Every structure is written in C-alpha cells, then in structure tokens.
>>> print(open('final.cif').read())   # mmCIF, C-alpha atoms
data_data
#
loop_
_atom_site.label_atom_id
_atom_site.label_comp_id
_atom_site.auth_asym_id
_atom_site.auth_seq_id
_atom_site.Cartn_x
_atom_site.Cartn_y
_atom_site.Cartn_z
CA MET A 1 117.99 118.65 98.44
CA LYS A 2 117.52 121.86 100.44
CA LYS A 3 117.78 123.84 97.20
CA LEU A 4 114.96 121.83 95.63
CA PHE A 5 112.77 122.07 98.73
CA ALA A 6 113.13 125.86 98.78
CA LEU A 7 112.28 126.03 95.08
CA LEU A 8 109.21 123.84 95.49
CA LEU A 9 108.05 125.69 98.60
CA THR A 10 108.26 129.00 96.76
CA SER A 11 106.29 127.52 93.90
CA ALA A 12 103.64 126.23 96.30
CA LEU A 13 103.26 129.61 97.96
CA THR A 14 102.85 131.40 94.64
CA TYR A 15 100.64 128.74 93.06
CA ASN A 16 97.59 130.10 91.25
CA ALA A 17 94.62 128.04 90.16
CA HIS A 18 95.13 126.69 86.65
CA ALA A 19 92.71 128.13 84.09
CA GLU A 20 91.89 124.59 83.02
CA LYS A 21 90.80 122.00 85.54
CA LEU A 22 93.51 119.45 86.25
CA LYS A 23 93.19 115.72 86.78
CA LEU A 24 96.02 113.43 87.85
CA ILE A 25 95.76 109.67 87.37
CA ILE A 26 98.25 107.96 89.66
CA ASP A 27 99.34 104.37 89.10
CA ALA A 28 101.24 102.54 91.82
CA ALA A 29 102.81 99.66 89.90
CA HIS A 30 102.38 95.99 90.79
CA GLY A 31 100.29 95.11 93.87
CA GLY A 32 98.64 92.04 95.38
CA GLN A 33 100.30 88.84 94.25
CA ASP A 34 102.69 90.88 92.05
CA ALA A 35 105.28 92.33 94.45
CA GLY A 36 107.62 93.53 91.70
CA ALA A 37 111.32 93.88 92.45
CA LYS A 38 112.64 93.29 95.96
CA ALA A 39 115.41 94.84 98.05
CA GLN A 40 117.85 92.68 99.99
CA ASN A 41 115.96 93.52 103.19
CA GLY A 42 112.69 92.29 101.68
CA GLU A 43 111.24 95.71 100.87
CA THR A 44 109.01 95.37 97.81
CA GLU A 45 108.56 97.57 94.79
CA SER A 46 104.80 97.26 95.16
CA GLU A 47 104.75 98.81 98.64
CA LEU A 48 107.19 101.62 97.81
CA CYS A 49 105.22 102.54 94.70
CA LEU A 50 102.05 102.77 96.78
CA GLN A 51 103.78 105.01 99.31
CA PHE A 52 104.89 107.44 96.60
CA ALA A 53 101.44 107.34 94.99
CA GLN A 54 99.60 108.08 98.24
CA VAL A 55 101.86 110.99 99.15
CA LEU A 56 101.30 112.45 95.67
CA GLN A 57 97.56 111.88 96.04
CA GLN A 58 97.44 113.85 99.29
CA TYR A 59 99.58 116.72 98.03
CA ALA A 60 97.76 117.06 94.69
CA ALA A 61 94.39 117.10 96.46
CA GLN A 62 95.62 119.98 98.61
CA LYS A 63 96.22 121.91 95.37
CA ASP A 64 92.65 121.29 94.17
CA ILE A 65 93.76 118.78 91.55
CA GLU A 66 91.31 115.97 90.94
CA VAL A 67 93.02 112.66 91.68
CA VAL A 68 92.22 109.17 90.43
CA MET A 69 94.12 106.30 92.03
CA VAL A 70 94.58 103.17 89.94
CA ARG A 71 94.98 101.35 93.25
CA ASN A 72 94.99 102.65 96.83
CA GLN A 73 95.77 99.42 98.62
CA ASP A 74 97.76 96.22 98.18
CA GLU A 75 95.78 94.77 95.30
CA TYR A 76 96.54 93.72 91.75
CA VAL A 77 95.07 95.70 88.85
CA ALA A 78 95.23 94.10 85.41
CA LEU A 79 97.59 95.78 82.97
CA GLN A 80 94.83 96.62 80.50
CA ASP A 81 92.93 98.46 83.26
CA ARG A 82 95.79 100.65 84.43
CA ASN A 83 95.62 103.33 81.74
CA ASN A 84 92.43 103.48 79.73
CA TYR A 85 91.58 107.08 80.60
CA GLN A 86 90.12 109.31 77.90
CA PRO A 87 90.51 113.08 77.41
CA GLU A 88 87.67 115.16 78.85
CA LYS A 89 86.51 118.56 77.64
CA GLY A 90 87.72 121.36 79.92
CA ILE A 91 90.01 119.04 81.87
CA LYS A 92 93.75 118.59 81.41
CA SER A 93 94.65 115.08 82.52
CA TYR A 94 98.06 113.58 83.26
CA TYR A 95 99.04 109.99 83.99
CA ILE A 96 101.90 109.17 86.39
CA SER A 97 102.99 105.56 86.89
CA PHE A 98 105.38 104.88 89.79
CA HIS A 99 107.91 102.06 89.50
CA MET A 100 111.25 101.28 91.14
CA ASN A 101 114.27 100.35 89.07
CA ALA A 102 116.36 97.25 89.84
CA ASP A 103 119.49 95.46 88.73
CA ASN A 104 121.37 92.28 89.64
CA THR A 105 124.56 93.93 90.90
CA GLY A 106 123.11 96.26 93.52
CA LYS A 107 125.43 98.98 92.25
CA ALA A 108 123.23 100.87 89.77
CA ARG A 109 121.70 104.10 91.10
CA GLY A 110 119.68 107.10 90.01
CA ALA A 111 116.25 108.11 88.77
CA ARG A 112 114.71 107.53 85.36
CA ILE A 113 111.70 109.07 83.64
CA ILE A 114 110.14 107.14 80.76
CA TYR A 115 107.76 108.37 78.06
CA TYR A 116 106.65 106.98 74.69
CA SER A 117 107.49 109.04 71.59
CA LYS A 118 104.79 107.49 69.40
CA SER A 119 101.83 108.02 71.72
CA LYS A 120 99.04 110.45 70.85
CA GLU A 121 100.34 112.95 73.42
CA ALA A 122 104.05 112.31 72.85
CA SER A 123 105.09 115.98 72.82
CA ALA A 124 103.33 116.79 76.08
CA SER A 125 104.67 113.58 77.65
CA ARG A 126 108.23 114.43 76.67
CA ARG A 127 107.90 117.99 78.03
CA LEU A 128 106.68 116.59 81.32
CA ALA A 129 109.52 114.05 81.41
CA GLU A 130 112.11 116.79 80.83
CA LYS A 131 110.62 118.99 83.58
CA LEU A 132 110.74 116.08 85.98
CA LYS A 133 114.32 115.29 85.00
CA ASP A 134 115.46 118.80 85.92
CA GLY A 135 113.84 118.49 89.34
CA PHE A 136 115.09 114.98 90.04
CA ASN A 137 118.63 116.12 89.26
CA LEU A 138 118.41 118.25 92.40
CA ILE A 139 117.25 115.28 94.52
CA ASN A 140 119.83 112.67 93.54
CA ASP A 141 123.57 113.18 93.23
CA ILE A 142 124.29 111.23 90.03
CA GLY A 143 121.80 112.58 87.51
CA THR A 144 118.51 111.48 86.00
CA THR A 145 117.89 109.91 82.62
CA VAL A 146 114.93 110.36 80.29
CA SER A 147 114.11 107.32 78.19
CA ASP A 148 111.67 106.59 75.35
CA LYS A 149 110.55 102.99 75.77
CA GLY A 150 107.65 101.91 73.60
CA SER A 151 107.53 98.50 75.28
CA VAL A 152 105.90 99.94 78.42
CA ALA A 153 102.25 99.02 78.02
CA VAL A 154 100.79 101.70 80.30
CA LEU A 155 102.46 104.37 78.16
CA ARG A 156 102.16 102.82 74.72
CA ASN A 157 98.38 103.11 74.46
CA SER A 158 97.91 106.31 76.44
CA VAL A 159 95.79 109.08 74.88
CA ILE A 160 96.68 111.58 77.63
CA PRO A 161 100.17 112.85 78.59
CA ALA A 162 101.81 109.99 80.47
CA VAL A 163 105.15 109.24 82.09
CA LEU A 164 106.59 106.41 84.13
CA VAL A 165 108.64 107.59 87.12
CA GLU A 166 111.40 105.49 88.67
CA PRO A 167 112.75 107.55 91.62
CA GLY A 168 115.64 105.15 92.21
CA TYR A 169 116.94 101.59 92.43
CA ILE A 170 115.34 99.41 95.08
CA THR A 171 118.35 97.09 94.77
CA ASN A 172 120.83 99.81 95.81
CA GLU A 173 121.21 100.53 99.54
CA ARG A 174 121.84 104.27 99.10
CA ASP A 175 118.89 104.69 96.75
CA LEU A 176 116.65 102.55 98.95
CA LYS A 177 117.35 104.75 101.96
CA LYS A 178 116.14 107.76 99.96
CA LEU A 179 113.15 105.90 98.52
CA LYS A 180 111.92 105.14 102.04
CA ASP A 181 112.46 108.72 103.24
CA LYS A 182 109.09 110.46 103.76
CA GLY A 183 110.74 113.81 103.06
CA ILE A 184 111.97 112.61 99.67
CA GLN A 185 108.55 111.17 98.87
CA LYS A 186 107.00 114.57 99.63
CA GLU A 187 109.58 116.37 97.48
CA VAL A 188 108.79 114.06 94.56
CA ALA A 189 105.08 114.82 95.00
CA MET A 190 105.76 118.56 95.06
CA LEU A 191 107.96 118.26 91.99
CA ILE A 192 105.28 116.43 90.00
CA VAL A 193 102.57 118.93 90.94
CA LYS A 194 104.88 121.82 90.06
CA SER A 195 105.62 120.21 86.69
CA ILE A 196 101.96 119.91 85.66
CA THR A 197 100.85 123.32 86.97
CA GLU A 198 103.50 125.54 85.37
#
>>> encode(input="final.cif", output="structure tokens")
Amino acid sequence: MKKLFALLLTSALTYNAHAEKLKLIIDAAHGGQDAGAKAQNGETESELCLQFAQVLQQYAAQKDIEVVMVRNQDEYVALQDRNNYQPEKGIKSYYISFHMNADNTGKARGARIIYYSKSKEASASRRLAEKLKDGFNLINDIGTTVSDKGSVAVLRNSVIPAVLVEPGYITNERDLKKLKDKGIQKEVAMLIVKSITE
C-alpha cells in the first residue's frame, strides 16, 4: 500500500493539465430503498459506494476535472437514468460505477473491474480497466480480475468509456475493513484519476 501511495503522490505532483478537457461521471450504485448487498454488521453496499464516489468527486475536482454525480445522497436513481451521457466535442468523458462484490460464504476476497467488450468505446474501456487492475493489485494482496460482462446495464449501452469498479467483497471481514478505510478510499480515487489523465 505504501508503494502505491508513493507512486500516486508522485503522479499528483507531476500532473499537467490534460490538453483535452476531462469529465468524470461517477455512479454510486443502489441507493434509497435499494441498499444492495449487506455485510454481517449491517453495513450496506449503497452507503459504501457513496463514500467511494464522494471521495473520488472531491479528489477529481481538485485536479480540475469536471465531475457529474449520478447521486450524491441516499436516493434511488432508475437504472435507465444512470448512464445516458453523450460524447461532447472537446471533452473526454469517462464513466465510473462503484459497486461492492458479495458472496454467500464470506470467504471470497479481492477487487474486480468490469467493462463491456461490445460497447461503442470498448477499446478505451478495456484500457482503463487494465490500468485500474495494475493499480488495484498494489492495494489488495490477492490480485484483481478484469471481467467482460455484457449483462451490466450501465455498461452495455454506454457511448463513452465506462467501467464498473468493485474494490472488494462487502461480505468478507478483511475486505470490509479496507473498504471502510478512508485512506484506501483516497488511494482508489487517486488511482482512478491517474488512470484517466495519463
């Protein structure tokens, strides 16, 4: 983790304004009546996703990246309204959707990055997913997977580069401890910004 933080800090210090204006659409999954998956202690996927999204929002804004939040509070946003963003001339847009993974055993661990190989921006989405994988491998101790899942609605119809980020398993105690760590949330935000600006 210290290795990644040093890498990201160096990147932040040497960051130069991107020639093309950047926009980041951030989707915190679930919300409102849809709590998503739950940890044994009652922690909800909805709340953790919002925490990650808000930390990313703050960090991206510091880097002069325009940010659009799909939701910025505990509310439900219909699936069809979560990713209907269109390309804009002179602006490079990216879509990040935060989710938490879950399983019935409580044993599964690790991060996963999902993209859709048949979307209009499949190549750019896959490149972003691979960049994020390399960074996440420095955060967790068991590796990160990249998956192409066309069944994910917010990715399937996207016309801008889009990935779904699952930083860990909410159903695993070791992962949950990291997911709640403000330092880890900040590292994930730094990693995402680094991945779209280099």
>>> residues_around(input="final.cif", residues="A:Leu179", least_positions_apart="2", cutoff="9 Å", atoms="all atoms listed in the file", output="PyMOL selection string")
chain A and resi 48+52+100+167-170+174-177+181-182+184-185
>>> residues_near_point(input="final.cif", point="(103.6, 109.0, 96.9)", cutoff="9 Å", atoms="only C-alpha atoms", output="ChimeraX atom specification")
/A:28,48-59,98,182,185-186,188-189
>>> resolve_selection(input="final.cif", expression="the PyMOL selection byres ((chain A and resi 164) around 8)", output="PyMOL selection string")
chain A and resi 96-99+113-115+155+162-163+165-166
>>> write_last_selection(input="final.cif", atoms="C-alpha atoms", output="compact mmCIF listing (two decimals), in the frame of the given file")
# COMPACT_ATOMS: atom_id res chain seq x y z
CA ILE A 96 101.90 109.17 86.39
CA SER A 97 102.99 105.56 86.89
CA PHE A 98 105.38 104.88 89.79
CA HIS A 99 107.91 102.06 89.50
CA ILE A 113 111.70 109.07 83.64
CA ILE A 114 110.14 107.14 80.76
CA TYR A 115 107.76 108.37 78.06
CA LEU A 155 102.46 104.37 78.16
CA ALA A 162 101.81 109.99 80.47
CA VAL A 163 105.15 109.24 82.09
CA VAL A 165 108.64 107.59 87.12
CA GLU A 166 111.40 105.49 88.67
>>> closest_residue(input="final.cif", among="A:Ser158, A:Ser46, A:Asn172, A:Ser125", to="A:Ser195", atoms="all atoms listed in the file")
A:Ser125
>>> atom_distance(input="final.cif", atom1="atom CA of A:Gly135", atom2="atom CA of A:Gln73")
27.9 Å
>>> residues_around(input="final.cif", residues="A:Val77", least_positions_apart="4", cutoff="9 Å", atoms="all atoms listed in the file", output="list in words")
Ala29, His30, Gly31, Gly32, Val70, Arg71, Asp81 and Arg82 of chain A
>>> resolve_selection(input="final.cif", expression="the PyMOL selection byres ((chain A and resi 21) around 6)", output="list in words")
Glu20, Leu22 and Ile91 of chain A
>>> decode(input="final.cif", residues="stretch 2-135 of chain A", atoms="C-alpha atoms", output="mmCIF file, in the first residue's frame")
data_model
loop_
_atom_site.group_PDB
_atom_site.id
_atom_site.type_symbol
_atom_site.label_atom_id
_atom_site.label_comp_id
_atom_site.auth_asym_id
_atom_site.auth_seq_id
_atom_site.Cartn_x
_atom_site.Cartn_y
_atom_site.Cartn_z
ATOM 1 C CA LYS A 2 2.842 2.414 0.782
ATOM 2 C CA LYS A 3 4.330 1.658 -2.637
ATOM 3 C CA LEU A 4 1.086 2.625 -4.371
ATOM 4 C CA PHE A 5 0.661 5.777 -2.290
ATOM 5 C CA ALA A 6 4.169 6.942 -3.188
ATOM 6 C CA LEU A 7 3.500 6.240 -6.867
ATOM 7 C CA LEU A 8 0.221 8.131 -6.823
ATOM 8 C CA LEU A 9 1.676 11.043 -4.871
ATOM 9 C CA THR A 10 4.485 11.394 -7.394
ATOM 10 C CA SER A 11 1.951 11.334 -10.189
ATOM 11 C CA ALA A 12 -0.123 14.009 -8.465
ATOM 12 C CA LEU A 13 2.879 16.279 -8.013
ATOM 13 C CA THR A 14 3.885 15.980 -11.662
ATOM 14 C CA TYR A 15 0.346 16.185 -13.030
ATOM 15 C CA ASN A 16 -0.053 18.524 -16.001
ATOM 16 C CA ALA A 17 -3.357 19.781 -17.329
ATOM 17 C CA HIS A 18 -4.719 17.447 -19.989
ATOM 18 C CA ALA A 19 -4.853 19.002 -23.468
ATOM 19 C CA GLU A 20 -8.465 17.915 -23.703
ATOM 20 C CA LYS A 21 -10.962 18.840 -21.026
ATOM 21 C CA LEU A 22 -11.886 15.892 -18.839
ATOM 22 C CA LYS A 23 -15.265 14.949 -17.414
ATOM 23 C CA LEU A 24 -15.873 12.142 -14.934
ATOM 24 C CA ILE A 25 -19.359 10.738 -14.413
ATOM 25 C CA ILE A 26 -19.468 8.917 -11.086
ATOM 26 C CA ASP A 27 -22.195 6.417 -10.266
ATOM 27 C CA ALA A 28 -22.632 5.217 -6.693
ATOM 28 C CA ALA A 29 -24.674 2.047 -7.156
ATOM 29 C CA HIS A 30 -28.003 1.362 -5.462
ATOM 30 C CA GLY A 31 -29.385 3.997 -3.050
ATOM 31 C CA GLY A 32 -32.674 4.809 -1.333
ATOM 32 C CA GLN A 33 -34.866 1.754 -0.965
ATOM 33 C CA ASP A 34 -32.224 -0.330 -2.796
ATOM 34 C CA ALA A 35 -29.487 -0.987 -0.224
ATOM 35 C CA GLY A 36 -27.675 -3.582 -2.341
ATOM 36 C CA ALA A 37 -25.589 -6.238 -0.613
ATOM 37 C CA LYS A 38 -25.100 -6.172 3.150
ATOM 38 C CA ALA A 39 -22.227 -7.059 5.465
ATOM 39 C CA GLN A 40 -22.802 -9.144 8.586
ATOM 40 C CA ASN A 41 -22.551 -5.970 10.685
ATOM 41 C CA GLY A 42 -25.309 -4.312 8.649
ATOM 42 C CA GLU A 43 -23.040 -2.124 6.513
ATOM 43 C CA THR A 44 -24.714 -1.610 3.140
ATOM 44 C CA GLU A 45 -23.326 -1.597 -0.366
ATOM 45 C CA SER A 46 -25.280 1.568 -1.096
ATOM 46 C CA GLU A 47 -23.530 3.582 1.626
ATOM 47 C CA LEU A 48 -20.036 2.287 0.845
ATOM 48 C CA CYS A 49 -20.480 3.041 -2.850
ATOM 49 C CA LEU A 50 -21.494 6.605 -1.997
ATOM 50 C CA GLN A 51 -18.427 7.022 0.220
ATOM 51 C CA PHE A 52 -16.090 5.939 -2.583
ATOM 52 C CA ALA A 53 -17.941 8.143 -5.081
ATOM 53 C CA GLN A 54 -17.756 11.251 -2.895
ATOM 54 C CA VAL A 55 -14.053 10.828 -2.181
ATOM 55 C CA LEU A 56 -13.422 10.473 -5.924
ATOM 56 C CA GLN A 57 -15.594 13.523 -6.584
ATOM 57 C CA GLN A 58 -13.534 15.664 -4.206
ATOM 58 C CA TYR A 59 -10.168 14.471 -5.494
ATOM 59 C CA ALA A 60 -11.084 14.789 -9.182
ATOM 60 C CA ALA A 61 -12.384 18.319 -8.624
ATOM 61 C CA GLN A 62 -9.031 19.248 -7.091
ATOM 62 C CA LYS A 63 -7.432 18.198 -10.393
ATOM 63 C CA ASP A 64 -9.753 20.461 -12.406
ATOM 64 C CA ILE A 65 -11.756 17.533 -13.748
ATOM 65 C CA GLU A 66 -15.431 18.271 -14.279
ATOM 66 C CA VAL A 67 -17.478 15.879 -12.158
ATOM 67 C CA VAL A 68 -21.066 14.720 -12.576
ATOM 68 C CA MET A 69 -22.538 12.676 -9.734
ATOM 69 C CA VAL A 70 -25.339 10.268 -10.620
ATOM 70 C CA ARG A 71 -26.374 10.563 -6.984
ATOM 71 C CA ASN A 72 -24.811 12.475 -4.087
ATOM 72 C CA GLN A 73 -27.098 11.308 -1.316
ATOM 73 C CA ASP A 74 -29.063 8.251 -0.212
ATOM 74 C CA GLU A 75 -31.581 8.202 -3.045
ATOM 75 C CA TYR A 76 -32.563 5.756 -5.752
ATOM 76 C CA VAL A 77 -31.831 6.587 -9.387
ATOM 77 C CA ALA A 78 -33.560 4.470 -12.028
ATOM 78 C CA LEU A 79 -31.275 2.172 -13.986
ATOM 79 C CA GLN A 80 -32.084 3.813 -17.320
ATOM 80 C CA ASP A 81 -31.010 7.198 -15.905
ATOM 81 C CA ARG A 82 -27.636 6.107 -14.566
ATOM 82 C CA ASN A 83 -25.658 6.198 -17.813
ATOM 83 C CA ASN A 84 -27.220 8.120 -20.664
ATOM 84 C CA TYR A 85 -24.332 10.552 -21.133
ATOM 85 C CA GLN A 86 -23.348 11.537 -24.655
ATOM 86 C CA PRO A 87 -19.901 12.456 -26.039
ATOM 87 C CA GLU A 88 -19.193 16.191 -26.176
ATOM 88 C CA LYS A 89 -16.870 17.973 -28.574
ATOM 89 C CA GLY A 90 -13.586 18.932 -26.913
ATOM 90 C CA ILE A 91 -14.361 16.917 -23.783
ATOM 91 C CA LYS A 92 -13.092 13.437 -22.932
ATOM 92 C CA SER A 93 -15.652 11.789 -20.668
ATOM 93 C CA TYR A 94 -15.333 8.663 -18.533
ATOM 94 C CA TYR A 95 -17.968 6.769 -16.569
ATOM 95 C CA ILE A 96 -17.108 5.031 -13.279
ATOM 96 C CA SER A 97 -19.737 2.947 -11.483
ATOM 97 C CA PHE A 98 -18.911 1.849 -7.916
ATOM 98 C CA HIS A 99 -20.275 -1.456 -6.623
ATOM 99 C CA MET A 100 -19.247 -3.882 -3.885
ATOM 100 C CA ASN A 101 -18.925 -7.587 -4.581
ATOM 101 C CA ALA A 102 -20.620 -10.202 -2.377
ATOM 102 C CA ASP A 103 -20.895 -13.944 -1.934
ATOM 103 C CA ASN A 104 -22.734 -16.357 0.354
ATOM 104 C CA THR A 105 -19.676 -17.888 2.028
ATOM 105 C CA GLY A 106 -17.984 -14.751 3.322
ATOM 106 C CA LYS A 107 -14.665 -16.160 2.115
ATOM 107 C CA ALA A 108 -14.293 -14.589 -1.340
ATOM 108 C CA ARG A 109 -11.990 -11.555 -1.497
ATOM 109 C CA GLY A 110 -10.395 -9.155 -3.943
ATOM 110 C CA ALA A 111 -11.208 -6.404 -6.407
ATOM 111 C CA ARG A 112 -12.820 -6.698 -9.825
ATOM 112 C CA ILE A 113 -13.032 -4.278 -12.739
ATOM 113 C CA ILE A 114 -15.780 -4.859 -15.312
ATOM 114 C CA TYR A 115 -16.094 -3.474 -18.836
ATOM 115 C CA TYR A 116 -18.215 -4.419 -21.862
ATOM 116 C CA SER A 117 -16.369 -5.571 -24.991
ATOM 117 C CA LYS A 118 -19.228 -4.780 -27.389
ATOM 118 C CA SER A 119 -19.846 -1.188 -26.331
ATOM 119 C CA LYS A 120 -19.076 1.715 -28.657
ATOM 120 C CA GLU A 121 -15.978 2.613 -26.608
ATOM 121 C CA ALA A 122 -14.917 -0.959 -25.810
ATOM 122 C CA SER A 123 -11.204 -0.443 -26.544
ATOM 123 C CA ALA A 124 -10.923 2.628 -24.334
ATOM 124 C CA SER A 125 -12.963 0.921 -21.605
ATOM 125 C CA ARG A 126 -10.698 -2.119 -21.641
ATOM 126 C CA ARG A 127 -7.552 0.046 -21.492
ATOM 127 C CA LEU A 128 -8.965 1.844 -18.481
ATOM 128 C CA ALA A 129 -9.892 -1.456 -16.831
ATOM 129 C CA GLU A 130 -6.363 -2.808 -17.315
ATOM 130 C CA LYS A 131 -4.789 0.370 -15.887
ATOM 131 C CA LEU A 132 -7.022 0.118 -12.854
ATOM 132 C CA LYS A 133 -6.192 -3.562 -12.425
ATOM 133 C CA ASP A 134 -2.475 -2.813 -12.215
ATOM 134 C CA GLY A 135 -3.093 -0.219 -9.509
#
